[in-house]
Structures are given as structure tokens and as C-alpha cells.
>>> print(open('protein-v9.pdb').read())   # PDB, C-alpha atoms
ATOM      1  CA  ALA S   1      64.154 -15.627 -16.940
ATOM      2  CA  ALA S   2      61.019 -16.959 -15.358
ATOM      3  CA  PRO S   3      57.984 -14.737 -15.913
ATOM      4  CA  ALA S   4      57.935 -11.792 -13.541
ATOM      5  CA  GLN S   5      54.686 -12.802 -11.857
ATOM      6  CA  ARG S   6      56.212 -16.112 -10.734
ATOM      7  CA  ARG S   7      59.018 -14.237  -8.980
ATOM      8  CA  GLY S   8      56.728 -11.944  -7.006
ATOM      9  CA  LEU S   9      56.820  -8.962  -9.387
ATOM     10  CA  PRO S  10      53.577  -7.975 -11.110
ATOM     11  CA  THR S  11      53.300  -7.703 -14.875
ATOM     12  CA  ARG S  12      53.467  -4.502 -16.935
ATOM     13  CA  ARG S  13      49.662  -4.528 -17.331
ATOM     14  CA  ARG S  14      49.096  -4.896 -13.577
ATOM     15  CA  VAL S  15      51.415  -1.984 -12.814
ATOM     16  CA  ARG S  16      49.664   0.194 -15.430
ATOM     17  CA  GLU S  17      46.360  -0.529 -13.661
ATOM     18  CA  ARG S  18      47.889   0.211 -10.247
ATOM     19  CA  ARG S  19      49.380   3.508 -11.509
ATOM     20  CA  GLY S  20      45.957   4.643 -12.697
ATOM     21  CA  ARG S  21      44.305   3.714  -9.396
ATOM     22  CA  ALA S  22      47.122   5.321  -7.400
ATOM     23  CA  LEU S  23      46.722   8.608  -9.259
ATOM     24  CA  ILE S  24      42.978   8.635  -8.624
ATOM     25  CA  ARG S  25      43.549   7.867  -4.924
ATOM     26  CA  ALA S  26      46.256  10.562  -4.667
ATOM     27  CA  ARG S  27      43.933  13.176  -6.195
ATOM     28  CA  ARG S  28      41.164  12.304  -3.733
ATOM     29  CA  ARG S  29      43.458  12.382  -0.712
ATOM     30  CA  ARG S  30      45.693  15.188  -1.978
ATOM     31  CA  GLY S  31      48.592  12.741  -1.721
ATOM     32  CA  HIS S  32      51.538  12.132  -4.020
ATOM     33  CA  VAL S  33      52.596   9.375  -6.372
ATOM     34  CA  ALA S  34      56.037   8.781  -7.858
ATOM     35  CA  VAL S  35      57.185   6.504 -10.645
ATOM     36  CA  LEU S  36      60.807   5.405 -10.684
ATOM     37  CA  PHE S  37      62.162   3.807 -13.857
ATOM     38  CA  ARG S  38      65.268   1.674 -13.227
ATOM     39  CA  ASP S  39      67.625   0.230 -15.823
ATOM     40  CA  LEU S  40      70.865  -1.684 -15.364
ATOM     41  CA  ASP S  41      73.970   0.098 -16.634
ATOM     42  CA  ARG S  42      75.929  -1.940 -19.190
ATOM     43  CA  PHE S  43      73.582  -4.939 -18.956
ATOM     44  CA  LYS S  44      74.127  -5.819 -22.619
ATOM     45  CA  THR S  45      77.862  -6.218 -21.973
ATOM     46  CA  ILE S  46      77.191  -8.461 -18.971
ATOM     47  CA  ASN S  47      74.605 -10.488 -20.902
ATOM     48  CA  ASP S  48      76.849 -10.877 -23.965
ATOM     49  CA  SER S  49      79.995 -11.793 -22.017
ATOM     50  CA  LEU S  50      78.424 -14.234 -19.523
ATOM     51  CA  GLY S  51      75.562 -15.552 -21.646
ATOM     52  CA  HIS S  52      71.813 -15.141 -21.580
ATOM     53  CA  THR S  53      71.256 -17.679 -18.804
ATOM     54  CA  ALA S  54      73.592 -15.729 -16.516
ATOM     55  CA  GLY S  55      71.891 -12.493 -17.604
ATOM     56  CA  ASP S  56      68.511 -13.978 -16.689
ATOM     57  CA  GLN S  57      69.846 -15.057 -13.274
ATOM     58  CA  LEU S  58      71.154 -11.528 -12.722
ATOM     59  CA  LEU S  59      67.741 -10.042 -13.541
ATOM     60  CA  VAL S  60      65.980 -12.368 -11.105
ATOM     61  CA  THR S  61      68.453 -11.466  -8.344
ATOM     62  CA  VAL S  62      68.117  -7.745  -9.135
ATOM     63  CA  GLY S  63      64.324  -8.100  -8.855
ATOM     64  CA  GLU S  64      64.694  -9.758  -5.453
ATOM     65  CA  ARG S  65      66.988  -6.994  -4.177
ATOM     66  CA  LEU S  66      64.614  -4.382  -5.547
ATOM     67  CA  ARG S  67      61.630  -5.861  -3.705
ATOM     68  CA  HIS S  68      63.575  -5.813  -0.427
ATOM     69  CA  CYS S  69      64.194  -2.066  -0.586
ATOM     70  CA  LEU S  70      60.565  -1.090  -1.062
ATOM     71  CA  ARG S  71      57.831  -0.491   1.448
ATOM     72  CA  ASP S  72      54.715  -2.692   1.534
ATOM     73  CA  GLU S  73      52.648  -0.017  -0.235
ATOM     74  CA  ASP S  74      55.140   0.320  -3.118
ATOM     75  CA  THR S  75      54.967  -1.807  -6.278
ATOM     76  CA  ALA S  76      57.887  -2.970  -8.406
ATOM     77  CA  SER S  77      57.566  -4.496 -11.858
ATOM     78  CA  ARG S  78      59.901  -5.751 -14.539
ATOM     79  CA  LEU S  79      58.817  -4.030 -17.734
ATOM     80  CA  GLY S  80      61.082  -6.009 -20.034
ATOM     81  CA  GLY S  81      64.761  -6.537 -20.680
ATOM     82  CA  ASP S  82      66.605  -4.938 -17.783
ATOM     83  CA  GLU S  83      63.967  -2.271 -17.139
ATOM     84  CA  PHE S  84      62.044  -2.142 -13.886
ATOM     85  CA  ALA S  85      59.407   0.340 -12.714
ATOM     86  CA  ILE S  86      58.510   1.287  -9.165
ATOM     87  CA  LEU S  87      55.216   2.885  -8.188
ATOM     88  CA  ALA S  88      55.429   4.621  -4.820
ATOM     89  CA  HIS S  89      52.950   6.615  -2.763
ATOM     90  CA  CYS S  90      55.321   9.396  -1.753
ATOM     91  CA  ASP S  91      56.473  12.919  -2.457
ATOM     92  CA  ARG S  92      59.802  14.076  -3.947
ATOM     93  CA  ALA S  93      61.783  13.402  -0.755
ATOM     94  CA  GLY S  94      60.314   9.900  -0.465
ATOM     95  CA  ALA S  95      61.124   9.142  -4.119
ATOM     96  CA  ILE S  96      64.720  10.253  -3.611
ATOM     97  CA  GLU S  97      64.973   8.062  -0.509
ATOM     98  CA  ILE S  98      63.718   5.050  -2.478
ATOM     99  CA  ALA S  99      66.161   5.769  -5.327
ATOM    100  CA  MET S 100      69.051   5.901  -2.854
ATOM    101  CA  ARG S 101      67.981   2.582  -1.271
ATOM    102  CA  VAL S 102      67.780   0.961  -4.707
ATOM    103  CA  LEU S 103      71.251   2.227  -5.663
ATOM    104  CA  SER S 104      72.666   0.983  -2.338
ATOM    105  CA  ALA S 105      71.088  -2.434  -2.917
ATOM    106  CA  MET S 106      73.011  -2.691  -6.188
ATOM    107  CA  GLU S 107      76.408  -2.035  -4.554
ATOM    108  CA  PRO S 108      77.226  -5.512  -3.282
ATOM    109  CA  SER S 109      78.447  -7.648  -6.166
ATOM    110  CA  PHE S 110      76.171 -10.363  -7.486
ATOM    111  CA  ILE S 111      77.360 -13.966  -7.615
ATOM    112  CA  ILE S 112      76.215 -15.473 -10.918
ATOM    113  CA  ASP S 113      77.470 -18.933 -11.916
ATOM    114  CA  ASP S 114      80.252 -18.660  -9.306
ATOM    115  CA  ARG S 115      81.392 -15.348 -10.828
ATOM    116  CA  GLU S 116      81.344 -11.985  -9.148
ATOM    117  CA  VAL S 117      79.376  -9.490 -11.234
ATOM    118  CA  SER S 118      78.999  -5.772 -10.569
ATOM    119  CA  ALA S 119      75.809  -4.202 -11.871
ATOM    120  CA  ALA S 120      75.059  -0.526 -11.344
ATOM    121  CA  ALA S 121      71.721   1.129 -12.105
ATOM    122  CA  SER S 122      70.368   4.383 -13.461
ATOM    123  CA  ILE S 123      67.020   5.654 -12.172
ATOM    124  CA  GLY S 124      64.594   8.247 -13.497
ATOM    125  CA  ILE S 125      61.960   9.757 -11.214
ATOM    126  CA  SER S 126      58.610  11.232 -12.188
ATOM    127  CA  LEU S 127      56.195  12.839  -9.739
ATOM    128  CA  ASP S 128      52.449  13.313 -10.103
ATOM    129  CA  ARG S 129      52.816  17.104  -9.851
ATOM    130  CA  GLY S 130      49.735  17.723  -7.758
ATOM    131  CA  GLY S 131      47.473  15.128  -9.309
ATOM    132  CA  HIS S 132      47.621  16.466 -12.868
ATOM    133  CA  ALA S 133      49.672  13.657 -14.383
ATOM    134  CA  ASP S 134      48.457  10.609 -16.247
ATOM    135  CA  ALA S 135      49.932   7.154 -15.686
ATOM    136  CA  GLY S 136      51.455   6.801 -19.171
ATOM    137  CA  GLY S 137      52.953  10.282 -19.064
ATOM    138  CA  MET S 138      54.561   9.617 -15.702
ATOM    139  CA  LEU S 139      56.239   6.466 -17.022
ATOM    140  CA  ARG S 140      57.492   8.343 -20.125
ATOM    141  CA  ASP S 141      58.842  11.157 -17.933
ATOM    142  CA  ALA S 142      60.602   8.683 -15.631
ATOM    143  CA  ASP S 143      62.046   6.862 -18.672
ATOM    144  CA  THR S 144      63.396  10.124 -20.086
ATOM    145  CA  ALA S 145      64.913  11.049 -16.724
ATOM    146  CA  MET S 146      66.511   7.589 -16.485
ATOM    147  CA  TYR S 147      68.219   8.095 -19.865
ATOM    148  CA  ARG S 148      69.513  11.451 -18.626
ATOM    149  CA  ALA S 149      70.974   9.705 -15.559
ATOM    150  CA  LYS S 150      72.463   6.968 -17.758
ATOM    151  CA  SER S 151      74.009   9.471 -20.193
ATOM    152  CA  GLY S 152      75.979  11.001 -17.341
ATOM    153  CA  ALA S 153      78.165   8.751 -15.271
ATOM    154  CA  GLY S 154      75.354   6.250 -14.697
ATOM    155  CA  ASN S 155      74.815   4.647 -11.301
ATOM    156  CA  GLY S 156      72.633   7.528 -10.172
ATOM    157  CA  PHE S 157      69.201   9.091 -10.479
ATOM    158  CA  MET S 158      67.578  12.118 -12.077
ATOM    159  CA  GLY S 159      64.184  13.731 -11.789
ATOM    160  CA  CYS S 160      62.133  14.454 -14.874
ATOM    161  CA  GLU S 161      61.802  17.783 -16.603
ATOM    162  CA  PRO S 162      58.548  18.037 -18.566
ATOM    163  CA  ARG S 163      60.113  20.436 -21.082
ATOM    164  CA  LEU S 164      62.370  17.617 -22.358
ATOM    165  CA  HIS S 165      59.447  15.971 -24.132
ATOM    166  CA  PRO S 166      58.412  16.903 -27.648
ATOM    167  CA  ALA S 167      54.842  18.208 -27.881
TER     168      ALA S 167
END
>>> encode(input="protein-v9.pdb", output="C-alpha cells")
Amino acid sequence: AAPAQRRGLPTRRRVRERRGRALIRARRRRGHVAVLFRDLDRFKTINDSLGHTAGDQLLVTVGERLRHCLRDEDTASRLGGDEFAILAHCDRAGAIEIAMRVLSAMEPSFIIDDREVSAAASIGISLDRGGHADAGGMLRDADTAMYRAKSGAGNGFMGCEPRLHPA
């Protein structure tokens, strides 16, 4: 696929910088920050059966749908493969609302090379927990929560549980 920055999504490095700044701003204002980690369910099967060009087209279209369900103050980024991260200035309820919008945006089938393709997503959510989180830890927590969502039925979301991480 074309590089993420050409499609309107910032790079991994830019999102890492924004996460750090967002946490600092949230601490100062006593606000909240959430990281949502989104991964396509069964993307490898889609990519292998339709080809890498079709897989790349699907990822670009997914990125476009993702951008349309976020608020202006939120940031979405493609981290690599079929993984996307969302940085949102919101509390738990706001993060859940965003996750539900993202899942709804995935419901209509995608048309790739004149073929109808269904692509569900799994989402992990990590919250700043009162300004005590670090940017890297939040992404790891959201990633772990996403794998928990994926290991269930998929096409859903889970919040993180800090006790799931090895010390």
C-alpha cells in the first residue's frame, strides 16, 4: 500500500510523539487519554486468497473508514500490517463509543477488485489511568487487550487489564 502519510494517516513515530504530548496535556488538565489498538480479523486469509494488491487496497479503504469515525482531536495511525492505533482524548465511555463506531464502520462489505469482502476487526483499549501511564505502556496494554478480543469471537473490543502483563 502507499505509505500511510500519503493517505492522511500519520506514521508510527508521529503517533508516538503525539501520545507523549497527549499524556502530558492530560496530566496538566486532569483529562483522560485512551489508546485503541485495532487489527483486522482473518486478514492473512483475505490477503492470501485475493493477493497482496487486493490486501493493500483493503488496508487503504479500512484506513479511510477509520478516519471518518474519529473526531478532529483524535489521531489514527497504521502501525504496520493490518494494525492501526487510535489516540483519543477521552475517558472510558468515550473510548467505548469510538470502538463501537469503528466496529460499525467495518460492517458494510468492502468492494475490492469487483469482489465483495467482509473484514471484521478486534480492538483493544487502554486508558491513561489518571495520568500515571506512559505512552509505550498504553500501546502494549491496548495490544494485549486486542489479542484478548481476537481470541474470543473477534469482531469486538476489550479493555486492558494491567495484571495480564509480565513484570
>>> residues_around(input="protein-v9.pdb", residues="Asp114 (chain S)", least_positions_apart="2", cutoff="12 Å", atoms="all atoms listed in the file", output="PyMOL selection string")
chain S and resi 50+54+57+109-112+116-117
>>> residues_around(input="protein-v9.pdb", residues="region 152-162 of chain S", least_positions_apart="4", cutoff="10 Å", atoms="only C-alpha atoms", output="CSV table (one decimal) with C-alpha atoms, in the coordinates of the input")
chain,number,residue,atom,x,y,z
S,36,LEU,CA,60.8,5.4,-10.7
S,37,PHE,CA,62.2,3.8,-13.9
S,38,ARG,CA,65.3,1.7,-13.2
S,39,ASP,CA,67.6,0.2,-15.8
S,40,LEU,CA,70.9,-1.7,-15.4
S,41,ASP,CA,74.0,0.1,-16.6
S,42,ARG,CA,75.9,-1.9,-19.2
S,92,ARG,CA,59.8,14.1,-3.9
S,95,ALA,CA,61.1,9.1,-4.1
S,96,ILE,CA,64.7,10.3,-3.6
S,99,ALA,CA,66.2,5.8,-5.3
S,100,MET,CA,69.1,5.9,-2.9
S,102,VAL,CA,67.8,1.0,-4.7
S,103,LEU,CA,71.3,2.2,-5.7
S,104,SER,CA,72.7,1.0,-2.3
S,106,MET,CA,73.0,-2.7,-6.2
S,107,GLU,CA,76.4,-2.0,-4.6
S,119,ALA,CA,75.8,-4.2,-11.9
S,120,ALA,CA,75.1,-0.5,-11.3
S,121,ALA,CA,71.7,1.1,-12.1
S,122,SER,CA,70.4,4.4,-13.5
S,123,ILE,CA,67.0,5.7,-12.2
S,124,GLY,CA,64.6,8.2,-13.5
S,125,ILE,CA,62.0,9.8,-11.2
S,126,SER,CA,58.6,11.2,-12.2
S,127,LEU,CA,56.2,12.8,-9.7
S,137,GLY,CA,53.0,10.3,-19.1
S,138,MET,CA,54.6,9.6,-15.7
S,140,ARG,CA,57.5,8.3,-20.1
S,141,ASP,CA,58.8,11.2,-17.9
S,142,ALA,CA,60.6,8.7,-15.6
S,143,ASP,CA,62.0,6.9,-18.7
S,144,THR,CA,63.4,10.1,-20.1
S,145,ALA,CA,64.9,11.0,-16.7
S,146,MET,CA,66.5,7.6,-16.5
S,147,TYR,CA,68.2,8.1,-19.9
S,148,ARG,CA,69.5,11.5,-18.6
S,166,PRO,CA,58.4,16.9,-27.6
>>> closest_residue(input="protein-v9.pdb", among="S:Ala105, S:Ala135, S:Ile86, S:Ala93", to="Glu64 (chain S)", atoms="all atoms listed in the file")
S:Ala105
>>> atom_distance(input="protein-v9.pdb", atom1="CA of Gly80 (chain S)", atom2="CA of Thr45 (chain S)")
16.9 Å
>>> atom_distance(input="protein-v9.pdb", atom1="CA of Ser49 (chain S)", atom2="CA of Cys69 (chain S)")
28.3 Å
>>> atom_distance(input="protein-v9.pdb", atom1="CA of Asp128 (chain S)", atom2="CA of Asp72 (chain S)")
19.9 Å
>>> resolve_selection(input="protein-v9.pdb", expression="the PyMOL selection byres ((chain S and resi 89) around 7)", output="ChimeraX atom specification")
/S:32-34,74,87-88,90
>>> resolve_selection(input="protein-v9.pdb", expression="the PyMOL selection byres ((chain S and resi 82) around 8)", output="number ranges by chain")
S: 39-40, 43, 59, 78-81, 83-84
>>> closest_residue(input="protein-v9.pdb", among="S:Val35, S:Leu70, S:Leu58, S:Ala149", to="Ser118 (chain S)", atoms="all atoms listed in the file")
S:Leu58
>>> build_atoms(input="protein-v9.pdb", residues="region 50-61 of chain S", atoms="all heavy atoms", output="short mmCIF file (atom, residue, chain, number, x, y, z; two decimals), in the frame of the given file")
data_model
loop_
_atom_site.label_atom_id
_atom_site.label_comp_id
_atom_site.auth_asym_id
_atom_site.auth_seq_id
_atom_site.Cartn_x
_atom_site.Cartn_y
_atom_site.Cartn_z
N LEU S 50 78.69 -13.08 -20.39
CA LEU S 50 78.42 -14.23 -19.52
C LEU S 50 77.36 -15.18 -20.08
O LEU S 50 77.21 -16.29 -19.58
CB LEU S 50 77.99 -13.77 -18.13
CG LEU S 50 79.00 -12.94 -17.34
CD1 LEU S 50 78.41 -12.53 -16.01
CD2 LEU S 50 80.30 -13.71 -17.16
N GLY S 51 76.62 -14.73 -21.06
CA GLY S 51 75.56 -15.55 -21.65
C GLY S 51 74.19 -15.16 -21.13
O GLY S 51 74.05 -14.55 -20.07
N HIS S 52 73.18 -15.54 -21.91
CA HIS S 52 71.81 -15.14 -21.58
C HIS S 52 71.28 -15.80 -20.32
O HIS S 52 70.50 -15.19 -19.58
CB HIS S 52 70.89 -15.41 -22.77
CG HIS S 52 71.21 -14.56 -23.95
ND1 HIS S 52 70.90 -13.23 -24.00
CD2 HIS S 52 71.86 -14.83 -25.11
CE1 HIS S 52 71.31 -12.72 -25.14
NE2 HIS S 52 71.91 -13.67 -25.83
N THR S 53 71.70 -17.01 -20.03
CA THR S 53 71.26 -17.68 -18.80
C THR S 53 71.77 -16.92 -17.59
O THR S 53 71.02 -16.68 -16.63
CB THR S 53 71.72 -19.15 -18.77
OG1 THR S 53 71.19 -19.82 -19.91
CG2 THR S 53 71.26 -19.85 -17.50
N ALA S 54 73.02 -16.51 -17.62
CA ALA S 54 73.59 -15.73 -16.52
C ALA S 54 72.90 -14.37 -16.44
O ALA S 54 72.61 -13.87 -15.33
CB ALA S 54 75.10 -15.55 -16.70
N GLY S 55 72.61 -13.77 -17.59
CA GLY S 55 71.89 -12.49 -17.60
C GLY S 55 70.52 -12.63 -16.98
O GLY S 55 70.08 -11.77 -16.21
N ASP S 56 69.82 -13.73 -17.29
CA ASP S 56 68.51 -13.98 -16.69
C ASP S 56 68.62 -14.15 -15.18
O ASP S 56 67.79 -13.63 -14.42
CB ASP S 56 67.86 -15.22 -17.31
CG ASP S 56 67.39 -14.99 -18.73
OD1 ASP S 56 67.35 -13.82 -19.18
OD2 ASP S 56 67.06 -15.99 -19.40
N GLN S 57 69.64 -14.88 -14.72
CA GLN S 57 69.85 -15.06 -13.27
C GLN S 57 70.10 -13.71 -12.60
O GLN S 57 69.60 -13.45 -11.51
CB GLN S 57 71.01 -15.99 -13.01
CG GLN S 57 70.73 -17.43 -13.34
CD GLN S 57 71.98 -18.30 -13.16
OE1 GLN S 57 73.11 -17.85 -13.33
NE2 GLN S 57 71.75 -19.56 -12.82
N LEU S 58 70.88 -12.86 -13.27
CA LEU S 58 71.15 -11.53 -12.72
C LEU S 58 69.86 -10.74 -12.59
O LEU S 58 69.61 -10.11 -11.56
CB LEU S 58 72.15 -10.78 -13.60
CG LEU S 58 72.46 -9.34 -13.19
CD1 LEU S 58 73.08 -9.28 -11.80
CD2 LEU S 58 73.37 -8.68 -14.22
N LEU S 59 69.00 -10.78 -13.60
CA LEU S 59 67.74 -10.04 -13.54
C LEU S 59 66.84 -10.53 -12.42
O LEU S 59 66.20 -9.73 -11.74
CB LEU S 59 67.01 -10.13 -14.89
CG LEU S 59 67.68 -9.40 -16.04
CD1 LEU S 59 66.96 -9.71 -17.35
CD2 LEU S 59 67.74 -7.91 -15.79
N VAL S 60 66.79 -11.82 -12.20
CA VAL S 60 65.98 -12.37 -11.10
C VAL S 60 66.52 -11.87 -9.76
O VAL S 60 65.76 -11.43 -8.89
CB VAL S 60 65.95 -13.92 -11.15
CG1 VAL S 60 65.37 -14.50 -9.87
CG2 VAL S 60 65.16 -14.39 -12.37
N THR S 61 67.83 -11.91 -9.59
CA THR S 61 68.45 -11.47 -8.34
C THR S 61 68.26 -9.96 -8.15
O THR S 61 67.99 -9.51 -7.03
CB THR S 61 69.95 -11.82 -8.33
OG1 THR S 61 70.08 -13.23 -8.59
CG2 THR S 61 70.58 -11.51 -6.98
#
